[in-house]
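Q: Handing over coords-v6.txt, compact mmCIF, C-alpha atoms.
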```txt
# COMPACT_ATOMS: atom_id res chain seq x y z
CA MET C 1 30.69 -85.26 16.05
CA ILE C 2 32.33 -83.93 19.24
CA HIS C 3 30.39 -81.17 20.98
CA ASP C 4 32.55 -78.23 22.03
CA PRO C 5 30.85 -76.24 24.87
CA SER C 6 33.15 -73.26 24.34
CA LYS C 7 31.88 -72.79 20.77
CA SER C 8 28.25 -72.87 21.90
CA LYS C 9 29.03 -70.17 24.44
CA ASN C 10 30.64 -68.02 21.75
CA LEU C 11 27.57 -68.38 19.51
CA ARG C 12 25.38 -66.92 22.23
CA THR C 13 27.69 -63.97 22.91
CA PRO C 14 26.58 -61.80 19.90
CA ASN C 15 22.93 -62.05 20.97
CA LYS C 16 23.85 -61.02 24.47
CA LEU C 17 25.94 -58.16 23.07
CA ASN C 18 23.06 -56.99 20.89
CA ARG C 19 20.74 -56.96 23.89
CA ASN C 20 23.26 -54.91 25.86
CA VAL C 21 23.66 -52.46 22.97
CA ARG C 22 19.91 -52.03 22.63
CA GLN C 23 19.54 -51.46 26.37
CA PHE C 24 22.37 -48.93 26.33
CA PHE C 25 20.92 -46.93 23.44
CA SER C 26 17.46 -47.08 25.00
CA LYS C 27 18.87 -45.44 28.12
CA LEU C 28 20.89 -42.99 26.04
CA GLY C 29 17.80 -42.10 24.04
CA SER C 30 15.75 -41.42 27.18
CA LEU C 31 18.54 -39.28 28.62
CA LEU C 32 18.95 -37.15 25.48
CA LEU C 33 15.21 -36.75 25.09
CA LEU C 34 14.87 -35.59 28.70
CA PHE C 35 17.83 -33.22 28.34
CA GLN C 36 16.99 -31.54 25.05
CA ARG C 37 13.22 -32.04 24.64
CA THR C 38 13.35 -30.74 21.09
CA PRO C 39 11.67 -32.13 17.93
CA ILE C 40 15.03 -32.86 16.29
CA VAL C 41 16.01 -35.19 19.15
CA GLN C 42 12.69 -37.00 18.90
CA ILE C 43 13.55 -37.76 15.29
CA ILE C 44 17.10 -38.89 16.04
CA LEU C 45 16.48 -41.14 19.03
CA PRO C 46 14.41 -43.92 17.39
CA GLU C 47 17.28 -44.49 14.97
CA SER C 48 19.69 -45.08 17.87
CA ARG C 49 18.15 -48.49 18.55
CA VAL C 50 19.63 -49.94 15.35
CA LEU C 51 23.08 -48.33 15.50
CA GLY C 52 26.15 -50.38 16.41
CA VAL C 53 28.57 -49.58 19.19
CA SER C 54 30.86 -47.74 16.76
CA GLY C 55 28.02 -45.30 15.91
CA MET C 56 27.48 -44.07 19.47
CA GLY C 57 29.94 -41.20 19.28
CA GLU C 58 28.69 -40.08 15.87
CA LEU C 59 25.09 -40.08 17.12
CA ALA C 60 25.94 -37.80 20.03
CA LYS C 61 28.00 -35.41 17.86
CA TRP C 62 25.35 -35.25 15.13
CA SER C 63 22.56 -34.69 17.65
CA ILE C 64 24.35 -31.77 19.27
CA ALA C 65 25.37 -30.21 15.93
CA SER C 66 21.81 -30.46 14.61
CA VAL C 67 20.26 -28.85 17.67
CA VAL C 68 22.80 -26.02 17.81
CA GLY C 69 22.99 -25.36 14.06
CA LEU C 70 19.37 -25.78 13.00
CA CYS C 71 17.47 -24.96 16.19
CA ALA C 72 19.62 -22.24 17.70
CA PHE C 73 16.53 -20.35 18.81
CA ASP C 74 14.44 -23.39 19.86
CA SER C 75 15.21 -23.44 23.56
CA ILE C 76 13.73 -25.86 26.06
CA ALA C 77 9.93 -25.59 26.25
CA GLY C 78 9.97 -22.83 23.60
CA ALA C 79 11.25 -20.17 25.99
CA SER C 80 13.08 -18.14 23.31
CA THR C 81 11.62 -14.68 22.75
CA ILE C 82 12.45 -11.04 22.01
CA THR C 83 11.49 -8.60 24.72
CA GLN C 84 11.57 -4.81 25.11
CA LEU C 85 14.10 -3.49 27.62
CA GLN C 86 13.26 0.21 27.28
CA PRO C 87 11.40 2.54 27.26
CA SER C 88 8.57 0.18 28.39
CA PRO C 89 10.15 -3.07 29.65
CA GLY C 90 8.24 -6.21 28.63
CA SER C 91 5.60 -4.34 26.61
CA ALA C 92 4.72 -4.86 22.96
CA THR C 93 4.00 -1.12 22.67
CA VAL C 94 6.84 1.38 22.28
CA LYS C 95 5.74 4.84 23.41
CA ALA C 96 7.40 7.86 21.80
CA THR C 97 6.80 11.59 21.40
CA ILE C 98 7.38 13.61 18.28
CA ASP C 99 10.59 15.69 18.28
CA LYS C 100 11.86 13.93 21.42
CA ASN C 101 14.69 11.39 21.48
CA LEU C 102 13.66 7.73 21.52
CA SER C 103 15.86 4.77 22.42
CA PHE C 104 13.96 1.52 21.85
CA VAL C 105 16.15 -1.31 23.14
CA PHE C 106 15.19 -4.97 22.77
CA GLN C 107 16.84 -8.27 23.67
CA ALA C 108 16.75 -11.91 22.53
CA VAL C 109 16.39 -14.15 25.59
CA GLY C 110 16.46 -17.94 25.91
CA THR C 111 18.65 -18.44 22.82
CA LEU C 112 21.59 -20.82 22.63
CA ARG C 113 23.88 -18.20 21.11
CA PRO C 114 23.78 -14.47 20.27
CA PRO C 115 22.02 -13.57 16.98
CA GLY C 116 24.35 -12.97 14.06
CA SER C 117 22.18 -10.11 12.80
CA TRP C 118 18.85 -8.33 13.28
CA GLN C 119 16.16 -7.23 10.85
CA ILE C 120 13.23 -4.81 11.10
CA ILE C 121 10.17 -5.62 8.99
CA GLY C 122 7.78 -2.69 8.51
CA ALA C 123 8.12 1.08 8.15
CA LEU C 124 9.74 3.01 10.99
CA PRO C 125 8.56 6.54 11.82
CA ALA C 126 10.58 9.21 10.04
CA GLY C 127 13.65 10.13 12.08
CA LEU C 128 14.31 6.67 13.55
CA ILE C 129 17.07 4.30 12.48
CA HIS C 130 17.90 0.68 13.25
CA SER C 131 21.38 0.08 14.66
CA ASN C 132 21.49 -3.61 13.50
CA ALA C 133 23.93 -5.05 16.04
CA THR C 134 25.86 -8.19 15.03
CA PHE C 135 26.52 -11.21 17.26
CA SER C 136 24.74 -9.51 20.13
CA ASN C 137 21.68 -10.43 22.20
CA VAL C 138 20.73 -6.72 22.36
CA ASP C 139 19.79 -4.36 19.52
CA SER C 140 18.04 -1.00 19.26
CA ILE C 141 16.11 1.56 17.25
CA SER C 142 16.85 5.18 18.08
CA GLY C 143 16.51 8.78 16.92
CA ILE C 144 14.05 11.67 17.09
CA PRO C 145 10.72 10.78 15.47
CA THR C 146 9.28 13.53 13.27
CA GLN C 147 6.09 11.68 12.35
CA THR C 148 3.15 10.90 14.61
CA GLY C 149 1.10 7.75 14.32
CA SER C 150 1.03 4.05 15.09
CA PHE C 151 3.69 1.95 13.35
CA PRO C 152 3.50 -1.86 13.61
CA ILE C 153 6.84 -3.58 13.04
CA THR C 154 8.33 -7.05 13.39
CA VAL C 155 11.77 -7.51 14.94
CA ARG C 156 13.72 -10.56 13.71
CA ALA C 157 16.84 -12.06 15.24
CA LEU C 158 18.76 -14.28 12.82
CA VAL C 159 21.42 -16.89 13.46
CA SER C 160 23.61 -15.70 10.58
CA GLN C 161 24.65 -12.28 9.30
CA THR C 162 22.57 -12.86 6.18
CA LEU C 163 18.78 -12.68 6.03
CA ILE C 164 18.45 -16.45 5.71
CA GLY C 165 18.44 -19.35 8.12
CA PRO C 166 16.77 -19.90 11.51
CA SER C 167 15.25 -16.80 13.08
CA LEU C 168 13.18 -15.55 15.99
CA SER C 169 10.46 -12.89 15.54
CA GLN C 170 8.40 -10.60 17.75
CA SER C 171 5.83 -7.92 16.88
CA PHE C 172 5.92 -4.42 18.37
CA THR C 173 3.99 -1.20 17.75
CA ILE C 174 5.78 2.15 17.93
CA VAL C 175 3.23 4.78 18.95
CA VAL C 176 4.42 8.36 18.38
CA ALA C 177 2.27 11.02 20.08
CA ASN C 178 2.47 14.73 19.30
CA GLY C 179 3.27 15.85 22.82
CA THR C 180 -0.01 17.73 23.36
CA GLY C 181 -1.21 15.23 25.92
CA THR C 182 -4.03 14.03 23.66
CA PRO C 183 -3.92 10.22 23.24
CA LEU C 184 -3.73 8.77 19.74
CA PRO C 185 -6.93 7.34 18.28
CA THR C 186 -7.34 3.63 18.99
CA ILE C 187 -9.05 1.34 16.49
CA THR C 188 -11.18 -1.05 18.53
CA LYS C 189 -12.79 -2.77 15.54
CA GLN C 190 -11.15 -2.91 12.14
CA PRO C 191 -13.20 -2.70 8.92
CA ALA C 192 -14.01 -6.12 7.48
CA SER C 193 -13.72 -7.47 3.94
CA LEU C 194 -16.91 -8.57 2.22
CA THR C 195 -18.36 -9.86 -1.04
CA ILE C 196 -21.07 -8.24 -3.16
CA LYS C 197 -22.63 -8.86 -6.54
CA THR C 198 -21.62 -6.71 -9.49
CA GLY C 199 -23.40 -3.36 -9.73
CA ASN C 200 -24.08 -3.14 -5.98
CA PHE C 201 -22.45 -0.96 -3.34
CA ALA C 202 -20.74 -1.97 -0.08
CA THR C 203 -20.86 -0.42 3.37
CA LEU C 204 -17.61 -0.43 5.35
CA SER C 205 -17.26 0.70 8.94
CA VAL C 206 -14.58 1.18 11.58
CA THR C 207 -14.87 1.64 15.35
CA ALA C 208 -12.35 3.85 17.13
CA SER C 209 -11.93 5.51 20.50
CA GLY C 210 -10.43 8.91 21.25
CA THR C 211 -11.34 12.58 21.28
CA GLY C 212 -11.77 14.87 18.29
CA LEU C 213 -11.64 12.06 15.73
CA THR C 214 -11.76 12.72 11.99
CA TYR C 215 -11.96 10.08 9.24
CA GLN C 216 -10.79 9.80 5.66
CA TRP C 217 -11.32 6.68 3.53
CA TYR C 218 -8.95 5.82 0.70
CA LYS C 219 -8.94 3.40 -2.19
CA GLY C 220 -5.92 1.07 -2.42
CA ALA C 221 -3.54 -0.39 0.15
CA SER C 222 -3.28 0.94 3.70
CA GLY C 223 -0.84 3.84 4.00
CA ASN C 224 -1.15 4.88 0.35
CA THR C 225 -2.86 8.29 0.39
CA ILE C 226 -2.81 9.10 -3.33
CA ARG C 227 -6.47 8.05 -3.88
CA PRO C 228 -8.66 9.77 -1.25
CA ILE C 229 -12.41 9.28 -1.74
CA LYS C 230 -14.26 12.58 -2.00
CA THR C 231 -17.74 11.76 -0.80
CA VAL C 232 -19.54 12.76 2.39
CA SER C 233 -19.56 9.23 3.83
CA ALA C 234 -15.81 8.88 3.16
CA LYS C 235 -15.26 11.34 6.02
CA THR C 236 -17.20 9.30 8.58
CA ALA C 237 -16.71 6.03 10.45
CA THR C 238 -19.19 4.34 8.09
CA PHE C 239 -18.38 4.54 4.40
CA LYS C 240 -20.63 3.67 1.46
CA THR C 241 -18.84 2.77 -1.78
CA SER C 242 -20.09 3.56 -5.24
CA ASN C 243 -21.73 0.81 -7.28
CA LEU C 244 -18.89 -1.55 -8.07
CA THR C 245 -18.20 -3.80 -11.03
CA THR C 246 -14.65 -4.84 -10.08
CA THR C 247 -13.02 -6.04 -6.86
CA SER C 248 -11.54 -3.09 -4.93
CA LYS C 249 -9.44 -2.40 -1.81
CA TYR C 250 -10.10 0.28 0.82
CA TRP C 251 -8.75 1.59 4.14
CA VAL C 252 -9.41 4.48 6.51
CA GLN C 253 -7.14 6.99 8.24
CA ILE C 254 -8.21 8.35 11.62
CA LYS C 255 -6.79 11.58 13.06
CA ASN C 256 -6.99 13.70 16.18
CA ALA C 257 -4.72 16.13 18.04
CA GLY C 258 -2.68 13.17 19.29
CA GLY C 259 -1.75 11.91 15.83
CA ILE C 260 -2.75 9.57 12.99
CA VAL C 261 -3.73 5.89 12.91
CA ASN C 262 -4.27 3.83 9.74
CA SER C 263 -6.64 0.88 9.51
CA LYS C 264 -5.83 -2.40 7.81
CA THR C 265 -6.65 -2.89 4.11
CA VAL C 266 -9.99 -4.51 3.34
CA THR C 267 -11.17 -6.05 0.08
CA VAL C 268 -14.62 -5.75 -1.45
CA THR C 269 -14.90 -8.74 -3.75
CA VAL C 270 -17.28 -8.38 -6.69
CA THR C 271 -18.87 -11.52 -8.14
CA PRO C 272 -21.09 -11.90 -11.24
```
Could I get this structure in the form of structure tokens?

A:
Amino acid sequence: MIHDPSKSKNLRTPNKLNRNVRQFFSKLGSLLLLFQRTPIVQIILPESRVLGVSGMGELAKWSIASVVGLCAFDSIAGASTITQLQPSPGSATVKATIDKNLSFVFQAVGTLRPPGSWQIIGALPAGLIHSNATFSNVDSISGIPTQTGSFPITVRALVSQTLIGPSLSQSFTIVVANGTGTPLPTITKQPASLTIKTGNFATLSVTASGTGLTYQWYKGASGNTIRPIKTVSAKTATFKTSNLTTTSKYWVQIKNAGGIVNSKTVTVTVTP
């Protein structure tokens, strides 16, 4: 048999090509990982080691489409957030006064594209409305509040105009004072849920700061005032339930000249 050196050289060429391809994709993987630094890229890059030369363009296009489409609000190092522009820039508390105009403006920062829509989760004070801007980094809540109190809400920025898909959320509290100069009550320690045996009573307590505080405990979910408890202790910071045979929910409303604050709902679980 006659040995042909040219054929031997050609047999080694694919191995050399494979090594070059692997080296290229290894460098490409490191570059993309450094540039994006997102979880989706970390999933994509290991697969690049086994792709052929013809798959290089598809890998890049699919990587970019995945990051933009699925992680539109996952910026580098998790910098995406929603922040208050006015009336208290950067704060999670929105200060307002009853019967005076409020313009609460907030902005999505660090996103790859403007939100397609906005959503407010939670009850707004009476008199305020959500503008719900579309395809804008800035949105607002405005109006003249006619209800004092503390109103926790969550602001969501969504990629699409529907309430589905990737989103970014931030919690705020709208605090509406009555304009008398008296600060709203502040709950410094919420009542806690507990467990008792059937036929026993429970003692619930709340700690609040402020002047001229009054208390009223209710049965049911926080904010629902149709079941006030008419006992002496239900008008104090420490409330003693009746002897219970079923699991029940309670909350307390605290008032002063500055306005009204509601506690969270607590559950008294009754066991045999």

Q: Extract, using all atoms listed in the file, all DNA, RNA and protein residues at most 8 Å from region 114-130 of chain C, discarding same-chain residues fewer than 2 positions from it, and format them as a ChimeraX atom specification.

A: /C:108,111-112,132-137,139-149,151-163,176

Q: Looking at all atoms listed in the file, which of C:Asn200, C:Thr225, C:Val206, C:Lys100 is the one that sits closest to Ala237 (chain C)?

A: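 Ranked by minimum distance to Ala237 (chain C), first place goes to C:Val206.
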
Q: Can you tell me how far CA of Val270 (chain C) sits from CA of Ala208 (chain C), in Å to one decimal?

A: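 Taking CA of Val270 (chain C) as the start and CA of Ala208 (chain C) as the end point, the length is 27.2 Å.
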
Q: Enter the distance from CA of Lys230 (chain C) to CA of Thr269 (chain C), in Å, rounded to one decimal.

A: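 Separation between CA of Lys230 (chain C) and CA of Thr269 (chain C): 21.4 Å.
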
Q: Extract, using all atoms listed in the file, all DNA, RNA and protein residues at most 6 Å from Ile254 (chain C), discarding same-chain residues fewer than 2 positions from it, and format them as a list in words.

A: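 The neighbour list is Thr214, Tyr215, Ile260 and Val261 of chain C.
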
Q: Go through C:Thr247, C:Thr97, C:Gln107, C:Thr203 one by one, measure the shortest atom-to-atom distance of each to Leu85 (chain C) using all atoms listed in the file, and give the residue with the smallest value.

A: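 Using all atoms listed in the file, Leu85 (chain C) sits closest to C:Gln107.
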
Q: How far is it from CA of Gln253 (chain C) to CA of Trp217 (chain C), in Å with one decimal?

A: 6.3 Å
